>>> print(open('model10.tsv').read())   # TSV, C-alpha atoms
chain	number	residue	atom	x	y	z
A	136	MET	CA	86.67	77.98	114.11
A	137	LYS	CA	90.06	77.67	112.43
A	138	THR	CA	90.28	81.44	112.06
A	139	LYS	CA	89.59	81.95	115.76
A	140	PHE	CA	92.22	79.36	116.64
A	141	CYS	CA	94.87	80.97	114.41
A	142	LEU	CA	94.13	84.42	115.75
A	143	LEU	CA	94.38	83.12	119.29
A	144	VAL	CA	97.72	81.43	118.60
A	145	SER	CA	99.05	84.64	117.04
A	146	PHE	CA	98.18	86.74	120.04
A	147	LEU	CA	99.46	84.13	122.44
A	148	LEU	CA	102.86	84.54	120.79
A	149	ILE	CA	102.84	88.15	121.95
A	150	GLY	CA	102.19	87.18	125.50
A	151	ILE	CA	104.67	84.31	125.55
A	152	SER	CA	107.43	86.59	124.26
A	153	SER	CA	106.52	89.21	126.87
A	154	PHE	CA	106.66	86.54	129.59
A	155	ALA	CA	110.12	85.42	128.45
A	156	GLU	CA	111.58	88.88	127.99
A	157	ASN	CA	110.59	90.07	131.47
A	158	ASP	CA	113.66	88.45	132.97
A	159	THR	CA	116.09	88.28	130.05
A	160	THR	CA	115.74	91.46	127.98
A	161	GLU	CA	117.94	94.42	128.84
A	162	VAL	CA	116.15	97.75	128.70
A	163	SER	CA	117.61	100.20	126.21
A	164	THR	CA	118.86	103.52	127.51
A	165	THR	CA	118.01	105.14	124.14
A	166	ASN	CA	114.88	107.28	124.07
A	167	TYR	CA	113.01	106.60	120.85
A	168	HIS	CA	110.18	108.79	119.66
A	169	ARG	CA	106.99	108.49	121.70
A	170	ASP	CA	103.88	110.65	121.51
A	171	TYR	CA	100.20	110.50	122.30
A	172	THR	CA	98.10	112.03	119.55
A	173	LEU	CA	94.36	112.60	119.80
A	174	LEU	CA	92.55	114.01	116.81
A	175	TYR	CA	89.15	114.56	115.28
A	176	SER	CA	88.56	114.36	111.54
A	177	PRO	CA	85.19	115.34	110.03
A	178	ASN	CA	83.06	113.34	107.60
A	179	TYR	CA	83.76	110.10	109.49
A	180	ASP	CA	87.35	109.95	108.22
A	181	MET	CA	89.06	106.66	109.09
A	182	LEU	CA	91.84	108.51	110.91
A	183	ASN	CA	89.41	108.73	113.83
A	184	SER	CA	89.84	104.99	114.22
A	185	SER	CA	93.48	104.34	113.28
A	186	GLU	CA	95.32	107.24	114.93
A	187	ASN	CA	93.31	107.38	118.16
A	188	SER	CA	93.55	103.60	118.51
A	189	ARG	CA	97.34	103.78	118.19
A	190	THR	CA	97.41	106.33	120.97
A	191	ALA	CA	95.18	104.25	123.23
A	192	ALA	CA	97.48	101.25	122.75
A	193	LYS	CA	100.61	103.28	123.55
A	194	MET	CA	99.04	104.71	126.68
A	195	LEU	CA	98.03	101.25	127.90
A	196	ILE	CA	101.48	99.78	127.22
A	197	ASP	CA	103.17	102.68	129.02
A	198	ALA	CA	100.76	102.44	131.96
A	199	TYR	CA	102.07	98.96	132.68
A	200	TRP	CA	105.70	98.88	131.48
A	201	ARG	CA	106.60	102.36	132.70
A	202	GLY	CA	104.24	102.54	135.66
A	203	ILE	CA	102.71	99.42	137.19
A	204	GLY	CA	105.22	96.76	136.10
A	205	PRO	CA	108.41	98.23	137.64
A	206	LYS	CA	106.64	98.39	141.00
A	207	ILE	CA	105.94	94.64	141.03
A	208	LYS	CA	108.83	93.05	142.93
A	209	ASN	CA	107.81	89.40	142.46
A	210	LYS	CA	109.23	88.32	139.08
A	211	THR	CA	106.66	85.57	138.54
A	212	ILE	CA	103.73	87.88	139.16
A	213	GLY	CA	105.41	90.54	137.03
A	214	SER	CA	105.89	88.12	134.14
A	215	ILE	CA	102.31	86.85	134.26
A	216	SER	CA	100.80	90.30	134.53
A	217	GLY	CA	103.07	91.57	131.73
A	218	PHE	CA	101.93	88.64	129.57
A	219	LEU	CA	98.27	89.43	130.14
A	220	TRP	CA	98.64	93.18	129.73
A	221	THR	CA	100.58	93.06	126.46
A	222	PHE	CA	98.30	90.33	125.13
A	223	ALA	CA	95.13	92.29	125.86
A	224	THR	CA	96.50	95.59	124.61
A	225	THR	CA	97.83	94.29	121.29
A	226	TRP	CA	94.69	92.27	120.66
A	227	SER	CA	92.55	95.35	121.38
A	228	ALA	CA	94.71	97.52	119.11
A	229	THR	CA	94.01	95.10	116.26
A	230	LEU	CA	90.36	94.13	116.73
A	231	TRP	CA	88.62	97.30	117.87
A	232	PRO	CA	90.06	99.68	115.24
A	233	HIS	CA	88.86	97.12	112.69
A	234	GLU	CA	85.31	97.13	114.06
A	235	TYR	CA	85.20	100.92	114.42
A	236	GLY	CA	86.41	101.16	110.82
A	237	HIS	CA	83.27	99.32	109.72
A	238	LYS	CA	81.15	101.77	111.71
A	239	LEU	CA	82.79	104.87	110.24
A	240	ARG	CA	82.34	103.66	106.66
A	241	ALA	CA	78.72	102.71	107.43
A	242	LEU	CA	78.04	106.19	108.82
A	243	GLN	CA	79.47	107.72	105.63
A	244	ILE	CA	76.68	106.14	103.55
A	245	GLY	CA	73.93	106.97	106.05
A	246	GLY	CA	73.91	103.57	107.76
A	247	ASP	CA	75.36	102.19	110.99
A	248	PHE	CA	77.18	99.21	112.44
A	249	HIS	CA	76.68	97.52	115.82
A	250	ILE	CA	78.54	94.75	117.63
A	251	GLU	CA	76.03	92.00	118.37
A	252	LYS	CA	78.19	89.18	119.65
A	253	PHE	CA	81.65	88.79	121.09
A	254	SER	CA	83.34	85.40	120.94
A	255	PHE	CA	87.01	85.72	121.88
A	256	PRO	CA	89.13	86.55	119.99
A	257	VAL	CA	86.68	87.97	117.41
A	258	ALA	CA	83.51	90.06	117.35
A	259	PHE	CA	80.42	89.78	115.17
A	260	GLY	CA	78.47	92.81	114.03
A	261	ARG	CA	75.37	93.85	112.10
A	262	PHE	CA	75.05	96.58	109.50
A	263	GLU	CA	72.05	98.88	109.24
A	264	LEU	CA	71.84	100.00	105.63
A	265	PRO	CA	69.76	102.73	104.01
A	266	GLU	CA	67.05	101.66	101.57
A	267	ASN	CA	68.87	103.10	98.58
A	268	VAL	CA	72.13	101.26	99.29
A	269	THR	CA	74.28	100.49	96.25
A	270	LEU	CA	76.85	97.80	95.59
A	271	GLU	CA	79.51	100.50	95.94
A	272	ASP	CA	78.12	101.33	99.40
A	273	GLU	CA	78.15	97.69	100.47
A	274	THR	CA	81.75	97.31	99.34
A	275	LEU	CA	82.76	100.47	101.17
A	276	ILE	CA	81.40	99.35	104.53
A	277	ILE	CA	82.96	95.89	104.21
A	278	ILE	CA	86.46	97.24	103.55
A	279	GLY	CA	86.36	99.61	106.55
A	280	GLY	CA	87.78	97.05	108.94
A	281	ILE	CA	90.81	96.04	106.89
A	282	GLU	CA	91.35	99.70	105.95
A	283	ALA	CA	91.77	100.64	109.62
A	284	ASN	CA	94.30	97.82	110.07
A	285	SER	CA	96.17	98.88	106.92
A	286	MET	CA	96.32	102.50	108.06
A	287	MET	CA	97.73	101.56	111.45
A	288	SER	CA	100.49	99.41	109.96
A	289	ARG	CA	101.26	102.07	107.31
A	290	ASP	CA	101.46	104.91	109.81
A	291	VAL	CA	103.76	102.96	112.14
A	292	ILE	CA	106.33	102.50	109.36
A	293	ASN	CA	105.93	106.10	108.20
A	294	ASP	CA	106.66	107.31	111.73
A	295	LEU	CA	109.61	104.93	112.05
A	296	TYR	CA	111.32	106.77	109.19
A	297	LYS	CA	109.97	110.22	110.04
A	298	TYR	CA	111.19	110.20	113.64
A	299	GLY	CA	114.25	108.00	113.23
A	300	GLY	CA	113.05	105.22	115.54
A	301	LEU	CA	110.09	103.81	117.51
A	302	TYR	CA	109.59	101.55	120.50
A	303	ASN	CA	108.98	97.87	119.85
A	304	ASP	CA	105.37	97.82	121.01
A	305	GLU	CA	104.40	100.10	118.11
A	306	LEU	CA	106.30	97.93	115.64
A	307	PHE	CA	104.63	94.71	116.70
A	308	THR	CA	101.23	96.40	116.85
A	309	GLY	CA	101.77	97.37	113.22
A	310	PHE	CA	102.94	93.83	112.47
A	311	PHE	CA	99.78	92.21	113.86
A	312	ASN	CA	97.54	94.66	112.03
A	313	ARG	CA	99.22	93.50	108.82
A	314	LEU	CA	98.32	89.90	109.61
A	315	ILE	CA	94.56	90.47	109.69
A	316	TRP	CA	93.96	90.16	105.95
A	317	PRO	CA	96.01	86.96	105.46
A	318	THR	CA	94.29	85.50	108.52
A	319	TYR	CA	90.82	86.29	107.20
A	320	SER	CA	91.44	85.25	103.61
A	321	LEU	CA	93.66	82.19	104.00
A	322	MET	CA	92.63	80.68	107.32
A	323	LEU	CA	88.87	81.09	107.13
A	324	ARG	CA	88.28	77.93	105.18
A	325	PHE	CA	85.03	77.18	103.42
A	326	ASP	CA	83.96	75.70	100.09
A	327	VAL	CA	84.28	78.75	97.88
A	328	ASP	CA	83.05	76.84	94.83
A	329	ASP	CA	79.98	75.43	96.60
A	330	PRO	CA	76.82	77.47	95.82
A	331	ALA	CA	75.45	76.54	99.25
A	332	SER	CA	78.19	78.69	100.82
A	333	TRP	CA	76.69	81.76	99.14
A	334	ILE	CA	72.95	81.18	99.66
A	335	ASP	CA	71.09	81.63	102.95
A	336	GLU	CA	68.32	79.47	104.36
A	337	ASN	CA	65.71	81.49	102.44
A	338	GLY	CA	67.47	80.92	99.13
A	339	ASP	CA	68.78	84.49	98.89
A	340	PRO	CA	72.37	85.40	97.96
A	341	MET	CA	74.62	85.98	100.98
A	342	CYS	CA	78.24	86.09	102.08
A	343	PHE	CA	79.91	85.64	105.46
A	344	GLY	CA	83.01	87.44	106.65
A	345	ASP	CA	84.99	90.40	105.38
A	346	ALA	CA	87.14	88.47	102.90
A	347	ALA	CA	84.27	86.62	101.24
A	348	CYS	CA	81.98	89.67	101.01
A	349	PHE	CA	84.78	91.91	99.76
A	350	ALA	CA	85.72	89.48	96.99
A	351	LYS	CA	82.10	88.94	95.93
A	352	PHE	CA	81.15	92.63	95.88
A	353	VAL	CA	84.26	93.72	93.97
A	354	TRP	CA	83.77	90.91	91.48
A	355	GLU	CA	80.19	91.99	90.84
A	356	MET	CA	81.14	95.68	90.62
A	357	GLY	CA	83.27	94.73	87.63
A	358	GLY	CA	80.16	93.42	85.87
A	359	ASN	CA	81.25	89.78	86.21
A	360	GLU	CA	78.92	86.83	86.65
A	361	PHE	CA	79.01	85.26	90.09
A	362	PHE	CA	76.45	82.49	89.67
A	363	MET	CA	76.63	80.71	86.33
A	364	ASN	CA	73.52	79.77	84.37
A	365	ASP	CA	73.58	76.28	85.85
A	366	GLY	CA	73.71	77.67	89.42
A	367	SER	CA	77.41	76.93	89.98
A	368	ILE	CA	79.98	79.49	91.12
A	369	ASN	CA	81.99	81.14	88.38
A	370	PRO	CA	85.37	79.31	88.31
A	371	SER	CA	87.12	82.59	87.54
A	372	PHE	CA	85.77	84.04	90.79
A	373	VAL	CA	87.02	81.04	92.74
A	374	SER	CA	90.52	81.62	91.35
A	375	PHE	CA	90.25	85.34	92.10
A	376	TYR	CA	89.25	84.68	95.72
A	377	HIS	CA	92.24	82.43	96.35
A	378	GLN	CA	94.62	84.84	94.60
A	379	LEU	CA	93.61	87.66	96.95
A	380	GLY	CA	94.80	85.75	100.01
A	381	ILE	CA	98.05	84.54	98.46
A	382	ILE	CA	98.99	87.93	97.01
A	383	GLY	CA	98.14	89.70	100.28
A	384	LEU	CA	100.48	87.43	102.22
A	385	ALA	CA	103.24	87.47	99.60
A	386	TRP	CA	103.23	91.29	99.44
A	387	ASN	CA	103.88	91.40	103.18
A	388	LEU	CA	106.63	88.81	102.99
A	389	VAL	CA	108.73	90.82	100.52
A	390	ASP	CA	108.93	93.71	103.00
A	391	LEU	CA	111.94	93.62	105.33
A	392	ASN	CA	110.04	95.81	107.80
A	393	PHE	CA	107.54	92.98	108.17
A	394	TYR	CA	110.27	90.84	109.76
A	395	ARG	CA	111.43	93.72	111.92
A	396	GLY	CA	107.91	93.90	113.31
A	397	ALA	CA	108.04	90.18	114.04
A	398	LYS	CA	111.43	90.59	115.71
A	399	ALA	CA	110.04	93.36	117.91
A	400	ILE	CA	107.65	90.89	119.58
A	401	ALA	CA	110.48	89.29	121.53
A	402	SER	CA	112.69	92.35	121.95
A	403	GLY	CA	111.01	94.14	124.83
A	404	GLU	CA	108.43	96.90	125.04
A	405	LEU	CA	110.95	99.36	126.49
A	406	ASN	CA	113.43	98.74	123.70
A	407	GLY	CA	113.13	100.09	120.17
A	408	GLN	CA	114.51	100.07	116.66
A	409	LYS	CA	115.86	102.63	114.24
A	410	PRO	CA	114.95	102.58	110.53
A	411	LYS	CA	117.18	100.69	108.14
A	412	TYR	CA	118.21	102.16	104.78
A	413	LEU	CA	119.08	99.67	102.05
A	414	LEU	CA	121.12	102.26	100.16
A	415	GLY	CA	123.07	105.01	101.89
A	416	ASP	CA	122.45	106.06	105.46
A	417	GLU	CA	120.14	108.19	107.61
A	418	SER	CA	121.45	111.38	106.01
A	419	ASN	CA	121.27	110.30	102.38
A	420	GLY	CA	119.56	106.98	101.78
A	421	TRP	CA	116.70	104.91	100.38
A	422	ALA	CA	114.43	102.30	101.91
A	423	TYR	CA	111.09	100.75	101.05
A	424	SER	CA	108.06	99.14	102.62
A	425	THR	CA	105.00	97.39	101.20
A	426	LEU	CA	101.34	97.59	102.09
A	427	PHE	CA	98.31	95.50	101.11
A	428	ASN	CA	94.90	97.12	101.39
A	429	THR	CA	91.30	96.39	100.44
A	430	SER	CA	89.65	99.26	98.55
A	431	VAL	CA	86.25	99.86	97.03
A	432	LEU	CA	87.81	98.94	93.67
A	433	GLY	CA	89.56	95.78	94.84
A	434	ALA	CA	92.94	94.94	96.30
A	435	GLU	CA	95.70	97.55	96.45
A	436	LEU	CA	99.44	96.94	96.45
A	437	TYR	CA	101.54	99.87	97.70
A	438	LEU	CA	105.27	100.23	97.27
A	439	ASN	CA	106.28	102.90	99.77
A	440	ASN	CA	109.70	104.48	99.20
A	441	TYR	CA	111.55	106.50	101.84
A	442	LEU	CA	114.17	108.85	100.43
A	443	LYS	CA	116.57	110.86	102.57
A	444	ILE	CA	118.40	113.72	100.81
A	445	GLN	CA	120.69	115.77	103.05
A	446	ASN	CA	118.58	114.83	106.08
A	447	GLN	CA	115.33	115.85	104.35
A	448	LEU	CA	112.83	112.97	104.26
A	449	TYR	CA	110.48	112.30	101.36
A	450	SER	CA	108.07	109.39	101.06
A	451	ILE	CA	106.82	108.34	97.63
A	452	TYR	CA	104.29	105.59	97.09
A	453	LEU	CA	103.29	103.79	93.92
A	454	LYS	CA	99.97	101.96	93.94
A	455	TYR	CA	98.57	99.20	91.74
A	456	GLY	CA	95.01	98.02	92.20
A	457	PHE	CA	93.04	95.08	90.82
A	458	PRO	CA	90.71	93.71	89.49
A	459	LEU	CA	89.25	97.18	88.74
A	460	GLU	CA	91.56	99.91	87.47
A	461	ASN	CA	93.08	101.74	90.43
A	462	ASN	CA	96.59	103.09	89.95
A	463	GLY	CA	98.12	105.98	91.82
A	464	ILE	CA	101.10	107.84	93.21
A	465	GLY	CA	101.62	109.92	96.33
A	466	ILE	CA	104.45	112.16	97.52
A	467	THR	CA	104.98	113.55	101.03
A	468	ALA	CA	107.67	116.06	101.89
A	469	TYR	CA	108.24	116.15	105.65
A	470	ASN	CA	109.10	119.36	107.48
A	471	VAL	CA	109.04	121.57	104.38
A	472	ILE	CA	108.74	124.32	106.96
A	473	ASP	CA	110.96	123.53	109.94
A	474	LEU	CA	111.03	126.28	112.55
A	475	PRO	CA	111.64	125.85	116.29
A	476	ARG	CA	107.91	125.96	117.12
A	477	PHE	CA	106.24	125.42	113.76
A	478	LYS	CA	106.52	122.56	111.27
A	479	SER	CA	104.63	121.63	108.12
A	480	ASP	CA	104.38	118.52	105.92
A	481	LEU	CA	102.95	118.52	102.39
A	482	THR	CA	101.27	115.57	100.65
A	483	ILE	CA	100.07	115.34	97.05
A	484	GLU	CA	98.33	112.23	95.67
A	485	GLY	CA	97.03	111.41	92.23
A	486	TRP	CA	95.14	108.48	90.71
A	487	LYS	CA	93.36	107.00	87.73
A	488	GLN	CA	90.44	104.80	88.74
A	489	LYS	CA	87.51	103.00	87.19
A	490	PHE	CA	84.22	104.87	87.79
A	491	TYR	CA	86.02	107.93	89.23
A	492	GLY	CA	88.49	108.79	86.48
A	493	THR	CA	91.59	110.88	87.17
A	494	GLY	CA	91.78	112.62	90.52
A	495	ILE	CA	94.04	114.46	92.91
A	496	SER	CA	94.36	115.15	96.62
A	497	ALA	CA	96.54	117.75	98.36
A	498	THR	CA	96.96	118.25	102.10
A	499	THR	CA	99.23	120.14	104.44
A	500	THR	CA	99.79	118.97	108.00
A	501	LEU	CA	100.79	121.60	110.56
A	502	SER	CA	102.14	121.41	114.10
A	503	PHE	CA	102.61	124.31	116.49
A	504	SER	CA	104.47	123.78	119.78
A	505	LEU	CA	102.71	125.17	122.83
A	506	SER	CA	105.56	123.90	125.00
A	507	LYS	CA	108.30	121.29	124.99
A	508	LYS	CA	105.65	118.62	125.55
A	509	PHE	CA	102.46	119.78	123.81
A	510	ASP	CA	101.70	120.52	120.16
A	511	ILE	CA	98.56	121.66	118.41
A	512	LEU	CA	98.03	119.70	115.18
A	513	ALA	CA	95.96	120.54	112.14
A	514	GLN	CA	95.59	119.19	108.64
A	515	ALA	CA	93.73	120.86	105.80
A	516	GLY	CA	93.30	119.81	102.20
A	517	TRP	CA	90.99	118.92	99.35
A	518	LYS	CA	90.42	115.81	97.28
A	519	SER	CA	88.47	115.09	94.14
A	520	LYS	CA	86.05	112.18	93.95
A	521	GLY	CA	87.80	108.85	94.15
A	522	TYR	CA	89.28	106.32	96.53
A	523	VAL	CA	92.12	107.34	98.86
A	524	LEU	CA	92.96	105.05	101.77
A	525	GLY	CA	90.82	106.03	104.74
A	526	ARG	CA	89.29	109.14	103.16
A	527	PRO	CA	85.63	109.69	102.19
A	528	LEU	CA	84.93	108.88	98.54
A	529	ASP	CA	83.27	112.19	97.71
A	530	GLU	CA	84.99	115.34	96.57
A	531	GLY	CA	85.60	117.89	99.30
A	532	PHE	CA	87.57	119.01	102.34
A	533	VAL	CA	89.82	116.57	104.18
A	534	GLY	CA	91.77	117.17	107.34
A	535	PHE	CA	91.77	117.03	111.11
A	536	ALA	CA	92.46	118.95	114.30
A	537	GLY	CA	94.28	117.46	117.25
A	538	LEU	CA	96.61	117.65	120.21
A	539	ARG	CA	99.91	115.82	120.69
A	540	TYR	CA	101.80	115.09	123.89
A	541	LYS	CA	105.48	114.32	123.30
A	542	MET	CA	106.93	111.90	125.83
A	543	PHE	CA	110.25	111.34	124.07
A	544	GLY	CA	111.86	112.42	120.83
A	545	LEU	CA	111.12	115.32	118.50
>>> encode(input="model10.tsv", output="structure tokens")
Amino acid sequence: MKTKFCLLVSFLLIGISSFAENDTTEVSTTNYHRDYTLLYSPNYDMLNSSENSRTAAKMLIDAYWRGIGPKIKNKTIGSISGFLWTFATTWSATLWPHEYGHKLRALQIGGDFHIEKFSFPVAFGRFELPENVTLEDETLIIIGGIEANSMMSRDVINDLYKYGGLYNDELFTGFFNRLIWPTYSLMLRFDVDDPASWIDENGDPMCFGDAACFAKFVWEMGGNEFFMNDGSINPSFVSFYHQLGIIGLAWNLVDLNFYRGAKAIASGELNGQKPKYLLGDESNGWAYSTLFNTSVLGAELYLNNYLKIQNQLYSIYLKYGFPLENNGIGITAYNVIDLPRFKSDLTIEGWKQKFYGTGISATTTLSFSLSKKFDILAQAGWKSKGYVLGRPLDEGFVGFAGLRYKMFGL
């Protein structure tokens, strides 16, 4: 109940700020980057959830703030309708990608996921698992929700630096997706050290909620005892569970872009922000962002670096994972080919992980302009077996095909 209340308060803040800004916020005359991207990625890749959900949210925001809203002459009605529209859109862009993320990961292991109950502002679902399900499989389907949220917040910041600016609605959508893990892990209060919290009415082991199940499954994947010989909960697990929530929140709080997302809530949907570089400027500079994610090997802490060298953008991430070994690095060079109608990005990632060993992934992302407004998109690459955020675990082809409509910007 506390979790539902905190989620509701969070989303009400969006609406309240929208209500206030309707009369007081000046609309920027700057056109920041805006596109609608629709894509399909095979093998139930998580991009099907995160990228298409971002586009749906942008289209809904634009439908009101660029279409319906300006035609409403009564300021009170306009404020109330703007409140409701922004509230519903941002909430949807946080909850439904999360739920679809569970479904995609379940489909990857030959199972499925269905929504059984909706109790605003959350939904409750049921997994259908194959008979030969493993602990790895169970962990994978549990993390799918938070993964989708992590990907949305990551991609918003990546695009902020890639395109040199975004509208505020994207920034606060990314901000609220970042809040899902701290909300789950810190505000869903129950007696973690009480064995009754982990046993169902039939006396079988159980867990409830993404945070609790994730922590339990990862702990057991490491070969650790969960129930002690006397039936109590392992004290080391209890400490681990609480650490996950605190570290997840703290890692967000050390990111200056986190506060820029919060600022965007009250700055107007039709206004935007440009990226900030801590060293140098937009031609030659450095900035960073952080990301917390739940993986099949445990928590992941990303330090994302954005490096501009003579107007050429590179992003470099360093990743530390725990409690199971999961360290990695990734480098993306944007617009390595930059022609009037054809552009190409290149990404290379490497890792050393428990169970999967050393691995690598390489992808190239291509865009071809059909016109000033429409691009064809394609990504093609290969990865070895191992965990990469949003990708299938198995070795094989990764990529997507899609179409992009450019409203403003590049």
>>> atom_distance(input="model10.tsv", atom1="atom CA of A:Ala192", atom2="atom CA of A:Gly300")
17.6 Å
>>> residues_near_point(input="model10.tsv", point="(95.4, 106.2, 120.1)", cutoff="10 Å", atoms="all atoms listed in the file", output="ChimeraX atom specification")
/A:170-174,183-195,228,232
>>> atom_distance(input="model10.tsv", atom1="atom CA of A:Val373", atom2="atom CA of A:Leu270")
19.8 Å
>>> closest_atom_pairs(input="model10.tsv", of="stretch 246-279 of chain A", to="stretch 330-348 of chain A", cutoff="8 Å", atoms="all atoms listed in the file", output="CSV")
residue,atom,partner,partner_atom,distance
A:Thr274,CA,A:Cys348,CA,7.8
A:Ile277,CA,A:Asp345,CA,6.0
A:Ile278,CA,A:Asp345,CA,7.2
>>> residues_around(input="model10.tsv", residues="A:Ala497", least_positions_apart="2", cutoff="12 Å", atoms="all atoms listed in the file", output="MDAnalysis selection string")
chainID A and resid 465:468 480:485 494:495 499:500 514:519 523 530:534
>>> atom_distance(input="model10.tsv", atom1="atom CA of A:Asp329", atom2="atom CA of A:Thr429")
24.1 Å
>>> closest_residue(input="model10.tsv", among="A:Ile250, A:Leu388, A:Val431, A:Ala223", to="A:Thr308", atoms="all atoms listed in the file")
A:Ala223
>>> closest_residue(input="model10.tsv", among="A:Tyr394, A:Pro205, A:Glu271, A:Ser288", to="A:Gly521", atoms="all atoms listed in the file")
A:Glu271
>>> closest_residue(input="model10.tsv", among="A:Glu234, A:Glu404, A:Glu251, A:Glu435", to="A:Tyr455", atoms="all atoms listed in the file")
A:Glu435
>>> decode(input="model10.tsv", residues="stretch 170-187 of chain A", atoms="N, CA and C atoms", output="mmCIF file, in the first residue's frame")
data_model
loop_
_atom_site.group_PDB
_atom_site.id
_atom_site.type_symbol
_atom_site.label_atom_id
_atom_site.label_comp_id
_atom_site.auth_asym_id
_atom_site.auth_seq_id
_atom_site.Cartn_x
_atom_site.Cartn_y
_atom_site.Cartn_z
ATOM 1 N N ASP A 170 11.875 13.274 -32.637
ATOM 2 C CA ASP A 170 11.578 12.284 -33.667
ATOM 3 C C ASP A 170 10.632 11.231 -33.122
ATOM 4 N N TYR A 171 9.994 10.546 -34.025
ATOM 5 C CA TYR A 171 9.175 9.379 -33.694
ATOM 6 C C TYR A 171 9.827 8.180 -34.367
ATOM 7 N N THR A 172 10.303 7.249 -33.572
ATOM 8 C CA THR A 172 10.976 6.061 -34.094
ATOM 9 C C THR A 172 10.167 4.820 -33.769
ATOM 10 N N LEU A 173 9.868 4.044 -34.773
ATOM 11 C CA LEU A 173 9.217 2.747 -34.603
ATOM 12 C C LEU A 173 10.155 1.683 -35.147
ATOM 13 N N LEU A 174 10.371 0.638 -34.363
ATOM 14 C CA LEU A 174 11.304 -0.385 -34.806
ATOM 15 C C LEU A 174 10.833 -1.769 -34.385
ATOM 16 N N TYR A 175 11.409 -2.743 -35.053
ATOM 17 C CA TYR A 175 11.194 -4.144 -34.687
ATOM 18 C C TYR A 175 12.555 -4.798 -34.539
ATOM 19 N N SER A 176 12.747 -5.498 -33.412
ATOM 20 C CA SER A 176 13.990 -6.204 -33.154
ATOM 21 C C SER A 176 13.675 -7.669 -32.893
ATOM 22 N N PRO A 177 14.321 -8.595 -33.598
ATOM 23 C CA PRO A 177 13.997 -10.015 -33.441
ATOM 24 C C PRO A 177 14.450 -10.583 -32.103
ATOM 25 N N ASN A 178 14.049 -11.816 -31.850
ATOM 26 C CA ASN A 178 14.443 -12.560 -30.644
ATOM 27 C C ASN A 178 13.946 -11.893 -29.359
ATOM 28 N N TYR A 179 12.836 -11.177 -29.471
ATOM 29 C CA TYR A 179 12.207 -10.536 -28.306
ATOM 30 C C TYR A 179 13.159 -9.576 -27.594
ATOM 31 N N ASP A 180 13.957 -8.857 -28.369
ATOM 32 C CA ASP A 180 14.869 -7.855 -27.820
ATOM 33 C C ASP A 180 14.068 -6.803 -27.066
ATOM 34 N N MET A 181 14.637 -6.311 -25.957
ATOM 35 C CA MET A 181 13.934 -5.353 -25.104
ATOM 36 C C MET A 181 13.742 -3.996 -25.752
ATOM 37 N N LEU A 182 14.471 -3.716 -26.843
ATOM 38 C CA LEU A 182 14.251 -2.463 -27.562
ATOM 39 C C LEU A 182 12.817 -2.347 -28.063
ATOM 40 N N ASN A 183 12.163 -3.468 -28.311
ATOM 41 C CA ASN A 183 10.766 -3.437 -28.730
ATOM 42 C C ASN A 183 9.884 -2.747 -27.697
ATOM 43 N N SER A 184 10.271 -2.852 -26.444
ATOM 44 C CA SER A 184 9.514 -2.189 -25.380
ATOM 45 C C SER A 184 9.973 -0.755 -25.174
ATOM 46 N N SER A 185 11.282 -0.552 -24.967
ATOM 47 C CA SER A 185 11.771 0.765 -24.549
ATOM 48 C C SER A 185 11.645 1.815 -25.649
ATOM 49 N N GLU A 186 12.103 1.533 -26.852
ATOM 50 C CA GLU A 186 12.111 2.551 -27.901
ATOM 51 C C GLU A 186 10.709 2.868 -28.395
ATOM 52 N N ASN A 187 9.895 1.850 -28.630
ATOM 53 C CA ASN A 187 8.534 2.097 -29.110
ATOM 54 C C ASN A 187 7.672 2.777 -28.053
#
